[in-house]
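Colleague: My file is coords_5.cif. It has mmCIF, C-alpha atoms; chains and numbers go by the auth columns:
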data_start
#
loop_
_atom_site.group_PDB
_atom_site.id
_atom_site.type_symbol
_atom_site.label_atom_id
_atom_site.label_comp_id
_atom_site.label_asym_id
_atom_site.label_seq_id
_atom_site.Cartn_x
_atom_site.Cartn_y
_atom_site.Cartn_z
_atom_site.B_iso_or_equiv
_atom_site.auth_seq_id
_atom_site.auth_asym_id
ATOM 1 C CA MET A 1 -39.968 -5.357 19.972 0.00 54 U
ATOM 2 C CA LYS A 2 -41.530 -2.012 19.115 0.00 55 U
ATOM 3 C CA ALA A 3 -38.809 -0.111 20.987 0.00 56 U
ATOM 4 C CA ARG A 4 -36.134 -2.006 19.042 0.00 57 U
ATOM 5 C CA SER A 5 -37.828 -1.077 15.757 0.00 58 U
ATOM 6 C CA ILE A 6 -37.702 2.620 16.663 0.00 59 U
ATOM 7 C CA THR A 7 -34.062 2.271 17.604 0.00 60 U
ATOM 8 C CA SER A 8 -33.278 0.594 14.274 0.00 61 U
ATOM 9 C CA LYS A 9 -35.105 3.339 12.394 0.00 62 U
ATOM 10 C CA THR A 10 -33.257 5.967 14.416 0.00 63 U
ATOM 11 C CA LEU A 11 -29.912 4.313 13.682 0.00 64 U
ATOM 12 C CA LEU A 12 -30.758 4.068 9.998 0.00 65 U
ATOM 13 C CA LEU A 13 -31.722 7.736 9.922 0.00 66 U
ATOM 14 C CA GLU A 14 -28.503 8.724 11.718 0.00 67 U
ATOM 15 C CA LEU A 15 -26.468 6.630 9.292 0.00 68 U
ATOM 16 C CA LEU A 16 -28.161 8.284 6.298 0.00 69 U
ATOM 17 C CA ILE A 17 -27.485 11.726 7.778 0.00 70 U
ATOM 18 C CA ILE A 18 -23.825 10.861 8.347 0.00 71 U
ATOM 19 C CA LEU A 19 -23.479 9.576 4.791 0.00 72 U
ATOM 20 C CA PHE A 20 -25.216 12.497 3.067 0.00 73 U
ATOM 21 C CA ILE A 21 -24.076 15.493 5.099 0.00 74 U
ATOM 22 C CA PRO A 22 -20.420 15.245 3.975 0.00 75 U
ATOM 23 C CA GLY A 23 -21.650 15.197 0.365 0.00 76 U
ATOM 24 C CA ILE A 24 -23.764 18.284 0.944 0.00 77 U
ATOM 25 C CA SER A 25 -20.894 19.981 2.734 0.00 78 U
ATOM 26 C CA PHE A 26 -18.494 19.112 -0.114 0.00 79 U
ATOM 27 C CA ALA A 27 -20.886 20.498 -2.711 0.00 80 U
ATOM 28 C CA GLN A 28 -21.137 23.755 -0.784 0.00 81 U
ATOM 29 C CA THR A 29 -17.352 23.960 -0.484 0.00 82 U
ATOM 30 C CA GLU A 30 -16.944 23.416 -4.229 0.00 83 U
ATOM 31 C CA SER A 31 -19.290 26.263 -5.144 0.00 84 U
ATOM 32 C CA ALA A 32 -17.797 28.535 -2.483 0.00 85 U
ATOM 33 C CA VAL A 33 -14.315 28.608 -4.032 0.00 86 U
ATOM 34 C CA THR A 34 -13.220 32.219 -4.283 0.00 87 U
ATOM 35 C CA PRO A 35 -11.323 32.951 -7.496 0.00 88 U
ATOM 36 C CA PRO A 36 -7.771 34.212 -7.078 0.00 89 U
ATOM 37 C CA TYR A 37 -7.861 37.886 -8.095 0.00 90 U
ATOM 38 C CA GLY A 38 -4.269 38.562 -7.141 0.00 91 U
ATOM 39 C CA PHE A 39 -1.301 37.967 -4.908 0.00 92 U
ATOM 40 C CA ARG A 40 -1.081 39.494 -1.444 0.00 93 U
ATOM 41 C CA ASN A 41 -2.263 43.126 -1.675 0.00 94 U
ATOM 42 C CA ILE A 42 -1.945 43.317 -5.457 0.00 95 U
ATOM 43 C CA GLN A 43 -5.236 42.605 -7.200 0.00 96 U
ATOM 44 C CA LEU A 44 -6.347 42.571 -10.819 0.00 97 U
ATOM 45 C CA GLY A 45 -8.136 45.786 -11.723 0.00 98 U
ATOM 46 C CA GLN A 46 -6.030 48.042 -9.490 0.00 99 U
ATOM 47 C CA GLN A 47 -4.689 51.314 -10.845 0.00 100 U
ATOM 48 C CA LEU A 48 -1.038 51.625 -11.937 0.00 101 U
ATOM 49 C CA GLU A 49 -0.125 54.160 -9.231 0.00 102 U
ATOM 50 C CA GLU A 50 -1.758 52.042 -6.518 0.00 103 U
ATOM 51 C CA VAL A 51 0.248 48.957 -7.564 0.00 104 U
ATOM 52 C CA LYS A 52 3.478 50.999 -7.585 0.00 105 U
ATOM 53 C CA GLU A 53 2.849 52.091 -3.987 0.00 106 U
ATOM 54 C CA ILE A 54 2.076 48.531 -2.860 0.00 107 U
ATOM 55 C CA LEU A 55 5.228 47.193 -4.556 0.00 108 U
ATOM 56 C CA LYS A 56 7.389 49.808 -2.808 0.00 109 U
ATOM 57 C CA LYS A 57 6.154 48.583 0.589 0.00 110 U
ATOM 58 C CA ASP A 58 6.091 44.817 -0.047 0.00 111 U
ATOM 59 C CA PRO A 59 9.336 43.047 0.979 0.00 112 U
ATOM 60 C CA LEU A 60 8.735 40.218 -1.526 0.00 113 U
ATOM 61 C CA PHE A 61 9.368 42.640 -4.407 0.00 114 U
ATOM 62 C CA ASN A 62 12.530 44.577 -5.145 0.00 115 U
ATOM 63 C CA TYR A 63 10.709 47.406 -6.905 0.00 116 U
ATOM 64 C CA ARG A 64 12.928 50.404 -7.676 0.00 117 U
ATOM 65 C CA GLY A 65 10.262 52.774 -8.939 0.00 118 U
ATOM 66 C CA ASP A 66 9.872 54.109 -12.464 0.00 119 U
ATOM 67 C CA PRO A 67 13.036 52.455 -13.854 0.00 120 U
ATOM 68 C CA ASP A 68 11.097 49.161 -13.550 0.00 121 U
ATOM 69 C CA VAL A 69 8.183 50.565 -15.577 0.00 122 U
ATOM 70 C CA SER A 70 8.083 50.425 -19.366 0.00 123 U
ATOM 71 C CA PHE A 71 5.534 51.263 -22.007 0.00 124 U
ATOM 72 C CA LEU A 72 4.685 48.488 -24.406 0.00 125 U
ATOM 73 C CA PRO A 73 4.368 49.152 -28.131 0.00 126 U
ATOM 74 C CA LEU A 74 0.652 48.433 -27.852 0.00 127 U
ATOM 75 C CA PRO A 75 -1.517 51.481 -27.178 0.00 128 U
ATOM 76 C CA LYS A 76 -2.379 52.156 -23.543 0.00 129 U
ATOM 77 C CA GLN A 77 -0.202 49.269 -22.293 0.00 130 U
ATOM 78 C CA THR A 78 2.257 49.519 -19.400 0.00 131 U
ATOM 79 C CA LEU A 79 4.458 46.863 -17.831 0.00 132 U
ATOM 80 C CA ILE A 80 6.138 46.777 -14.443 0.00 133 U
ATOM 81 C CA GLU A 81 8.946 44.250 -14.266 0.00 134 U
ATOM 82 C CA CYS A 82 10.905 43.820 -11.060 0.00 135 U
ATOM 83 C CA GLN A 83 13.055 41.339 -9.236 0.00 136 U
ATOM 84 C CA GLY A 84 11.560 39.432 -6.375 0.00 137 U
ATOM 85 C CA ASN A 85 12.882 38.410 -3.015 0.00 138 U
ATOM 86 C CA SER A 86 12.607 35.119 -1.171 0.00 139 U
ATOM 87 C CA TYR A 87 10.305 32.791 -3.132 0.00 140 U
ATOM 88 C CA ILE A 88 9.779 35.134 -6.098 0.00 141 U
ATOM 89 C CA SER A 89 12.530 35.405 -8.716 0.00 142 U
ATOM 90 C CA ARG A 90 10.833 37.932 -10.996 0.00 143 U
ATOM 91 C CA ALA A 91 7.458 39.610 -11.240 0.00 144 U
ATOM 92 C CA TYR A 92 5.575 41.173 -14.156 0.00 145 U
ATOM 93 C CA PHE A 93 2.506 43.363 -13.861 0.00 146 U
ATOM 94 C CA GLN A 94 0.791 44.321 -17.097 0.00 147 U
ATOM 95 C CA PHE A 95 -1.683 47.187 -17.330 0.00 148 U
ATOM 96 C CA HIS A 96 -4.207 48.271 -19.925 0.00 149 U
ATOM 97 C CA GLU A 97 -5.547 51.812 -19.611 0.00 150 U
ATOM 98 C CA ASP A 98 -3.733 52.017 -16.242 0.00 151 U
ATOM 99 C CA LYS A 99 -5.594 48.997 -14.808 0.00 152 U
ATOM 100 C CA LEU A 100 -3.795 45.791 -13.844 0.00 153 U
ATOM 101 C CA TYR A 101 -4.949 42.855 -15.951 0.00 154 U
ATOM 102 C CA ILE A 102 -2.064 40.358 -15.859 0.00 155 U
ATOM 103 C CA ILE A 103 0.177 39.278 -12.975 0.00 156 U
ATOM 104 C CA ILE A 104 3.044 36.885 -13.686 0.00 157 U
ATOM 105 C CA LEU A 105 5.194 35.572 -10.843 0.00 158 U
ATOM 106 C CA SER A 106 8.291 33.535 -11.681 0.00 159 U
ATOM 107 C CA LEU A 107 9.056 31.533 -8.565 0.00 160 U
ATOM 108 C CA ASP A 108 12.450 30.508 -7.217 0.00 161 U
ATOM 109 C CA GLN A 109 12.931 26.837 -8.119 0.00 162 U
ATOM 110 C CA SER A 110 15.625 26.404 -5.499 0.00 163 U
ATOM 111 C CA LYS A 111 13.008 27.098 -2.798 0.00 164 U
ATOM 112 C CA LEU A 112 9.803 25.703 -4.333 0.00 165 U
ATOM 113 C CA ASP A 113 8.886 22.945 -6.744 0.00 166 U
ATOM 114 C CA TYR A 114 6.070 22.465 -9.230 0.00 167 U
ATOM 115 C CA TYR A 115 4.454 19.572 -7.386 0.00 168 U
ATOM 116 C CA THR A 116 4.244 21.485 -4.085 0.00 169 U
ATOM 117 C CA MET A 117 2.677 24.475 -5.827 0.00 170 U
ATOM 118 C CA PHE A 118 0.287 22.250 -7.777 0.00 171 U
ATOM 119 C CA SER A 119 -0.798 20.420 -4.601 0.00 172 U
ATOM 120 C CA THR A 120 -1.308 23.696 -2.741 0.00 173 U
ATOM 121 C CA LEU A 121 -3.335 25.289 -5.539 0.00 174 U
ATOM 122 C CA SER A 122 -5.413 22.135 -6.129 0.00 175 U
ATOM 123 C CA GLY A 123 -6.186 21.978 -2.425 0.00 176 U
ATOM 124 C CA LYS A 124 -7.400 25.565 -2.483 0.00 177 U
ATOM 125 C CA TYR A 125 -9.114 25.794 -5.908 0.00 178 U
ATOM 126 C CA GLY A 126 -9.960 22.161 -6.674 0.00 179 U
ATOM 127 C CA ASP A 127 -8.853 20.204 -9.710 0.00 180 U
ATOM 128 C CA PRO A 128 -7.677 22.381 -12.606 0.00 181 U
ATOM 129 C CA ASP A 129 -9.990 22.839 -15.578 0.00 182 U
ATOM 130 C CA SER A 130 -7.195 21.761 -17.882 0.00 183 U
ATOM 131 C CA LEU A 131 -3.956 19.954 -17.191 0.00 184 U
ATOM 132 C CA SER A 132 -1.031 19.332 -19.510 0.00 185 U
ATOM 133 C CA PRO A 133 2.696 18.677 -19.087 0.00 186 U
ATOM 134 C CA SER A 134 3.325 22.404 -19.462 0.00 187 U
ATOM 135 C CA ASP A 135 0.590 23.891 -17.262 0.00 188 U
ATOM 136 C CA ALA A 136 -2.427 23.569 -15.006 0.00 189 U
ATOM 137 C CA VAL A 137 -5.237 26.055 -15.607 0.00 190 U
ATOM 138 C CA TRP A 138 -8.137 27.055 -13.370 0.00 191 U
ATOM 139 C CA ARG A 139 -10.855 29.049 -15.153 0.00 192 U
ATOM 140 C CA PHE A 140 -13.275 31.277 -13.331 0.00 193 U
ATOM 141 C CA ASP A 141 -15.781 33.730 -14.808 0.00 194 U
ATOM 142 C CA GLU A 142 -13.516 36.732 -14.350 0.00 195 U
ATOM 143 C CA VAL A 143 -10.069 35.191 -13.917 0.00 196 U
ATOM 144 C CA ARG A 144 -7.838 32.676 -15.656 0.00 197 U
ATOM 145 C CA PHE A 145 -5.317 31.358 -13.138 0.00 198 U
ATOM 146 C CA SER A 146 -2.469 29.065 -14.138 0.00 199 U
ATOM 147 C CA LEU A 147 0.615 27.300 -12.864 0.00 200 U
ATOM 148 C CA GLU A 148 3.118 26.859 -15.654 0.00 201 U
ATOM 149 C CA ARG A 149 6.416 25.079 -16.011 0.00 202 U
ATOM 150 C CA PRO A 150 9.126 25.556 -15.069 0.00 203 U
ATOM 151 C CA LEU A 151 7.559 27.444 -12.113 0.00 204 U
ATOM 152 C CA THR A 152 5.375 30.435 -12.955 0.00 205 U
ATOM 153 C CA VAL A 153 1.998 31.561 -11.642 0.00 206 U
ATOM 154 C CA LYS A 154 -0.243 33.734 -13.838 0.00 207 U
ATOM 155 C CA TYR A 155 -3.385 35.697 -13.074 0.00 208 U
ATOM 156 C CA ILE A 156 -5.264 37.070 -16.093 0.00 209 U
ATOM 157 C CA ASP A 157 -8.370 39.246 -16.079 0.00 210 U
ATOM 158 C CA ASN A 158 -10.540 37.388 -18.613 0.00 211 U
ATOM 159 C CA ARG A 159 -12.690 40.358 -19.591 0.00 212 U
ATOM 160 C CA VAL A 160 -9.807 42.667 -20.462 0.00 213 U
ATOM 161 C CA PHE A 161 -7.830 39.899 -22.146 0.00 214 U
ATOM 162 C CA GLU A 162 -10.757 38.770 -24.311 0.00 215 U
ATOM 163 C CA ASP A 163 -11.587 42.371 -25.233 0.00 216 U
ATOM 164 C CA LEU A 164 -7.973 42.996 -26.309 0.00 217 U
ATOM 165 C CA ARG A 165 -7.890 39.698 -28.190 0.00 218 U
ATOM 166 C CA ASP A 166 -11.117 40.559 -30.018 0.00 219 U
ATOM 167 C CA LYS A 167 -9.792 44.026 -30.911 0.00 220 U
ATOM 168 C CA GLY A 168 -6.590 42.402 -32.163 0.00 221 U
ATOM 169 C CA ARG A 169 -8.612 40.075 -34.381 0.00 222 U
ATOM 170 C CA ALA A 170 -10.618 42.999 -35.741 0.00 223 U
ATOM 171 C CA GLU A 171 -7.405 44.891 -36.550 0.00 224 U
ATOM 172 C CA GLU A 172 -5.963 41.757 -38.150 0.00 225 U
ATOM 173 C CA ASP A 173 -9.125 41.308 -40.249 0.00 226 U
ATOM 174 C CA LEU A 174 -8.923 44.954 -41.302 0.00 227 U
ATOM 175 C CA ARG A 175 -5.247 44.521 -42.304 0.00 228 U
ATOM 176 C CA ASP A 176 -6.128 41.381 -44.291 0.00 229 U
ATOM 177 C CA LEU A 177 -8.970 43.180 -46.049 0.00 230 U
ATOM 178 C CA SER A 178 -6.735 46.144 -46.799 0.00 231 U
ATOM 179 C CA ARG A 179 -4.048 43.829 -48.165 0.00 232 U
ATOM 180 C CA LYS A 180 -6.546 41.982 -50.353 0.00 233 U
ATOM 181 C CA ASN A 181 -7.916 45.265 -51.688 0.00 234 U
ATOM 182 C CA PHE A 182 -4.384 46.448 -52.432 0.00 235 U
ATOM 183 C CA LEU A 183 -3.505 43.208 -54.239 0.00 236 U
ATOM 184 C CA LYS A 184 -6.675 43.446 -56.370 0.00 237 U
ATOM 185 C CA GLN A 185 -5.267 46.574 -57.925 0.00 238 U
ATOM 186 C CA PHE A 186 -2.578 44.641 -59.803 0.00 239 U
#
Can you give me the file's structure in the form of structure tokens?

Modeller:
Amino acid sequence: MKARSITSKTLLLELLIILFIPGISFAQTESAVTPPYGFRNIQLGQQLEEVKEILKKDPLFNYRGDPDVSFLPLPKQTLIECQGNSYISRAYFQFHEDKLYIIILSLDQSKLDYYTMFSTLSGKYGDPDSLSPSDAVWRFDEVRFSLERPLTVKYIDNRVFEDLRDKGRAEEDLRDLSRKNFLKQF
């Protein structure tokens, strides 16, 4: 009888281990998700010239060189816009102070669909932090990653974006104050 008791305890212990190890493993997998910093060899934070060289060599992008580069009306802002090949219809790379902070990839809807992309991204990054009919958004400390309808993937460097947004608000507040001061004169 004593031997049977040990066997029952051993089986119970093995059962508990089997039940709890997948939970521990899942928790480790969840925290080990690496944020998406970019697509292929193009990563947020890279220098403008480095991205140009990568685009020239990458067959998924039909980058023609400087004709695809434009300067935005905002100070220190540059945009590379180029056609894509295969699964990418169009690509946009936005720079601030010559550093890449936004990647936008418009995907070819004749070759991919929203559900397939959503399933793939959810499998890799987990459930999105927000989900609406227009987009699915994954938020990480440094990166905001989204899948938007009709079929666009966006990578945004949170730090640069928030800094620019805050500066924009400060400029807007200054314009409002200036306007109010001007109107007081009448």

Colleague: Given the file shown, determine the residues that the PyMOL selection byres ((chain U and resi 148) around 12) selects; report them as a JSON list (two decimals) with C-alpha atoms, keeping the file's coordinate frame.

Modeller:
[["chain", "number", "residue", "atom", "x", "y", "z"],
["U", 96, "GLN", "CA", -5.24, 42.60, -7.20],
["U", 97, "LEU", "CA", -6.35, 42.57, -10.82],
["U", 98, "GLY", "CA", -8.14, 45.79, -11.72],
["U", 99, "GLN", "CA", -6.03, 48.04, -9.49],
["U", 100, "GLN", "CA", -4.69, 51.31, -10.84],
["U", 101, "LEU", "CA", -1.04, 51.62, -11.94],
["U", 102, "GLU", "CA", -0.12, 54.16, -9.23],
["U", 103, "GLU", "CA", -1.76, 52.04, -6.52],
["U", 104, "VAL", "CA", 0.25, 48.96, -7.56],
["U", 105, "LYS", "CA", 3.48, 51.00, -7.58],
["U", 122, "VAL", "CA", 8.18, 50.56, -15.58],
["U", 123, "SER", "CA", 8.08, 50.42, -19.37],
["U", 124, "PHE", "CA", 5.53, 51.26, -22.01],
["U", 125, "LEU", "CA", 4.68, 48.49, -24.41],
["U", 127, "LEU", "CA", 0.65, 48.43, -27.85],
["U", 128, "PRO", "CA", -1.52, 51.48, -27.18],
["U", 129, "LYS", "CA", -2.38, 52.16, -23.54],
["U", 130, "GLN", "CA", -0.20, 49.27, -22.29],
["U", 131, "THR", "CA", 2.26, 49.52, -19.40],
["U", 132, "LEU", "CA", 4.46, 46.86, -17.83],
["U", 133, "ILE", "CA", 6.14, 46.78, -14.44],
["U", 134, "GLU", "CA", 8.95, 44.25, -14.27],
["U", 145, "TYR", "CA", 5.58, 41.17, -14.16],
["U", 146, "PHE", "CA", 2.51, 43.36, -13.86],
["U", 147, "GLN", "CA", 0.79, 44.32, -17.10],
["U", 149, "HIS", "CA", -4.21, 48.27, -19.92],
["U", 150, "GLU", "CA", -5.55, 51.81, -19.61],
["U", 151, "ASP", "CA", -3.73, 52.02, -16.24],
["U", 152, "LYS", "CA", -5.59, 49.00, -14.81],
["U", 153, "LEU", "CA", -3.80, 45.79, -13.84],
["U", 154, "TYR", "CA", -4.95, 42.86, -15.95],
["U", 155, "ILE", "CA", -2.06, 40.36, -15.86],
["U", 156, "ILE", "CA", 0.18, 39.28, -12.98],
["U", 157, "ILE", "CA", 3.04, 36.88, -13.69],
["U", 209, "ILE", "CA", -5.26, 37.07, -16.09],
["U", 210, "ASP", "CA", -8.37, 39.25, -16.08],
["U", 213, "VAL", "CA", -9.81, 42.67, -20.46],
["U", 214, "PHE", "CA", -7.83, 39.90, -22.15],
["U", 217, "LEU", "CA", -7.97, 43.00, -26.31]]

Colleague: Return as a ChimeraX atom specification the set of residues that the PyMOL selection byres ((chain U and resi 117) around 10) yields on the displayed structure.

Modeller: /U:105,108-109,114-116,118-122,134-136

Colleague: Please report the interatomic distance between atom CA of Phe92 of chain U and atom CA of Leu165 of chain U in Å with one decimal.

Modeller: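 Atom CA of Phe92 of chain U sits 16.6 Å away from atom CA of Leu165 of chain U.
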
Colleague: Could you work out an axis-aligned bounding box for all listed atoms of segment 142-145 of chain U, with 6 Å added on each of the six sides, and give its centre and edge lengths in Å to one decimal, as lines of an AutoDock Vina configuration file?

Modeller:
center_x = 9.1
center_y = 38.3
center_z = -11.4
size_x = 19.0
size_y = 17.8
size_z = 17.4

Colleague: Near Phe193 of chain U, counting only C-alpha atoms, which residues have an atom at most 12 Å away, once you skip same-chain residues fewer than 5 positions from it, shown as a list in words?

Modeller: Ser84, Val86, Thr87, Pro88, Pro89, Tyr90, Tyr178, Gly179, Pro181, Asp182, Phe198, Ser199, Tyr208, Ile209, Asp210, Asn211 and Arg212 of chain U

Colleague: Which residues match the PyMOL selection byres ((chain U and resi 140) around 8) in the file above, as a list of chain:residue names?

Modeller: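 Listing what the PyMOL selection byres ((chain U and resi 140) around 8) selects in the shown file: U:Leu113, U:Gly137, U:Asn138, U:Ser139, U:Ile141, U:Ser142, U:Leu160, U:Asp161, U:Lys164, U:Leu165.
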
Colleague: Please report the interatomic distance between atom CA of Arg143 of chain U and atom CA of Gly91 of chain U in Å with one decimal.

Modeller: 15.6 Å

Colleague: Identify, on the basis of only C-alpha atoms, every residue whose closest approach to Ser185 of chain U does not exceed 12 Å; exclude the query and any residue fewer than 2 positions from it along the same chain; express the result as JSON, numbers by chain.

Modeller: {"U": [181, 182, 183, 187, 188, 189, 190, 199, 200, 201, 202]}

Colleague: In Å, how far is it from atom CA of Thr173 of chain U to atom CA of Lys207 of chain U?

Modeller: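 Taking atom CA of Thr173 of chain U and atom CA of Lys207 of chain U, their separation equals 15.0 Å.
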